[in-house]
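Enquirer: Please see the structure below; I have some questions.
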Amino acid sequence: MKLARSALIAAVYAILVWIFAPISFGMVQFRIAEALTVLPILMPEAILGLFVGTMLSNILGGLGPWDIFGGSGVTLLAACLTRRFRHSWLAYAWPILCNGFLVSAYLHRILGVPYWLTVLSVSFGEAVVVLALGVPLVRLLSTRFKGLTIDD
């Protein structure tokens, strides 16, 4: 069941990135699929699903190995930290902080865009998606599906 849920998360993530591709990549991005990055609060299997989903999405994204491995690694780190701090508001902050600072670093490196401006733009887009979509998603899932609660 957990492997199937992980695969479903990966598939939904990749599909959302593909559907919203014009706003999912680059210096200014609102990657709607990033709403799923808070799912490790409720289920540890979301970590693998997010990692695989990001990898699949970034293979299609066109920025090459930096994005495929770097972006997936950033997602893995953020997902693990989100899970670790699931009882705190920090759980929602990790995807924003990790993407803002780390994705910006490789975007700066490969695209030559200004680092701090990219930190601000990527963090802003991530914050909008995580706070406007991810927080309600966690609340909805935890009330609809009684088995999905923040466990110890």
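By convention in this document, the chains of the structure tokens carry letters A, B, ... by their order, each chain's residues are numbered from 1, and ligands are numbered from 1 in the order they are shown.
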Can you pull out every residue within 8 Å of stretch 48-63 of chain A, counting only C-alpha atoms, but drop anything in the same chain fewer than 4 positions away, and send it as a short mmCIF file (atom, residue, chain, number, x, y, z; two decimals) with N, CA and C atoms, in the first residue's frame?
Expert:
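This went into part_28.cif:
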```cif
data_model
loop_
_atom_site.label_atom_id
_atom_site.label_comp_id
_atom_site.auth_asym_id
_atom_site.auth_seq_id
_atom_site.Cartn_x
_atom_site.Cartn_y
_atom_site.Cartn_z
N ARG A 5 1.17 4.16 -2.86
CA ARG A 5 0.92 5.57 -2.55
C ARG A 5 2.11 6.43 -2.98
N SER A 6 3.31 5.92 -2.78
CA SER A 6 4.52 6.63 -3.20
C SER A 6 4.54 6.80 -4.72
N ALA A 7 4.20 5.74 -5.43
CA ALA A 7 4.15 5.79 -6.90
C ALA A 7 3.07 6.76 -7.38
N LEU A 8 1.95 6.79 -6.70
CA LEU A 8 0.87 7.71 -7.05
C LEU A 8 1.32 9.16 -6.86
N ILE A 9 2.01 9.43 -5.77
CA ILE A 9 2.52 10.79 -5.52
C ILE A 9 3.50 11.18 -6.62
N ALA A 10 4.40 10.27 -6.99
CA ALA A 10 5.36 10.55 -8.07
C ALA A 10 4.63 10.86 -9.37
N ALA A 11 3.63 10.07 -9.69
CA ALA A 11 2.88 10.27 -10.93
C ALA A 11 2.11 11.59 -10.92
N VAL A 12 1.44 11.89 -9.83
CA VAL A 12 0.67 13.13 -9.74
C VAL A 12 1.61 14.33 -9.82
N TYR A 13 2.75 14.25 -9.15
CA TYR A 13 3.73 15.34 -9.20
C TYR A 13 4.17 15.58 -10.65
N ALA A 14 4.58 14.52 -11.33
CA ALA A 14 5.07 14.66 -12.71
C ALA A 14 3.97 15.17 -13.64
N VAL A 17 3.44 18.91 -13.05
CA VAL A 17 4.52 19.71 -13.66
C VAL A 17 4.33 19.78 -15.16
N TRP A 18 3.98 18.67 -15.78
CA TRP A 18 3.79 18.63 -17.23
C TRP A 18 2.61 19.52 -17.65
N ALA A 21 3.63 23.18 -17.18
CA ALA A 21 5.04 23.36 -17.58
C ALA A 21 5.45 24.82 -17.79
N PHE A 25 9.11 25.95 -14.51
CA PHE A 25 10.56 25.97 -14.66
C PHE A 25 11.07 27.40 -14.77
N LEU A 36 2.54 19.32 -3.11
CA LEU A 36 2.68 17.96 -2.58
C LEU A 36 3.90 17.81 -1.66
N THR A 37 4.78 18.80 -1.64
CA THR A 37 6.02 18.67 -0.86
C THR A 37 5.78 18.63 0.64
N ASP A 67 19.52 20.00 -13.07
CA ASP A 67 18.12 20.00 -12.65
C ASP A 67 17.64 18.60 -12.29
N ILE A 68 18.04 17.62 -13.09
CA ILE A 68 17.60 16.24 -12.84
C ILE A 68 18.09 15.75 -11.48
N PHE A 69 19.40 15.88 -11.25
CA PHE A 69 19.96 15.36 -10.00
C PHE A 69 19.95 16.39 -8.88
N GLY A 71 17.95 19.19 -8.58
CA GLY A 71 16.57 19.48 -8.16
C GLY A 71 15.95 18.33 -7.39
N SER A 72 16.22 17.11 -7.84
CA SER A 72 15.69 15.94 -7.13
C SER A 72 16.33 15.81 -5.76
N GLY A 73 17.62 16.11 -5.67
CA GLY A 73 18.31 16.08 -4.38
C GLY A 73 17.78 17.12 -3.42
N THR A 75 14.75 18.32 -3.45
CA THR A 75 13.44 17.82 -3.04
C THR A 75 13.57 16.73 -1.98
N LEU A 76 14.53 15.84 -2.17
CA LEU A 76 14.76 14.77 -1.18
C LEU A 76 15.14 15.36 0.17
N ALA A 79 12.08 17.10 1.68
CA ALA A 79 11.08 16.12 2.12
C ALA A 79 11.51 15.45 3.43
#
```
Enquirer: Among the residues of stretch 21-115 of chain A, find those DSSP assigns to helix (DSSP H, G or I) from the backbone and print them as a PyMOL selection string.
Expert: chain A and resi 21-23+32-41+46-61+65-84+90-111+115
Enquirer: Which residues are near stretch 122-139 of chain A? Cut-off 8 Å, only C-alpha atoms, ignore same chain within fewer than 4 positions. Put them as a PyMOL selection string.
Expert: chain A and resi 27-32+34-39+41-42+92+95-97+99-101+103-104+118+143
Enquirer: Using only C-alpha atoms, find the one residue out of A:Trp89, A:Leu3, A:Trp66, A:Leu107 that sits nearest to A:Ser121.
Expert: A:Leu107
Enquirer: Kindly give the distance, in Å, that separates atom CA of A:Pro44 and atom CA of A:Leu141, rounded to a single decimal.
Expert: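 Atom CA of A:Leu141 lies 14.4 Å from atom CA of A:Pro44.
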Enquirer: Between A:Ile47, A:Ile19, A:Ala105, A:Ala33, which residue has the minimum interatomic distance to A:Ala78, considering only C-alpha atoms?
Expert: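 Result for the nearest residue to A:Ala78: A:Ile47.
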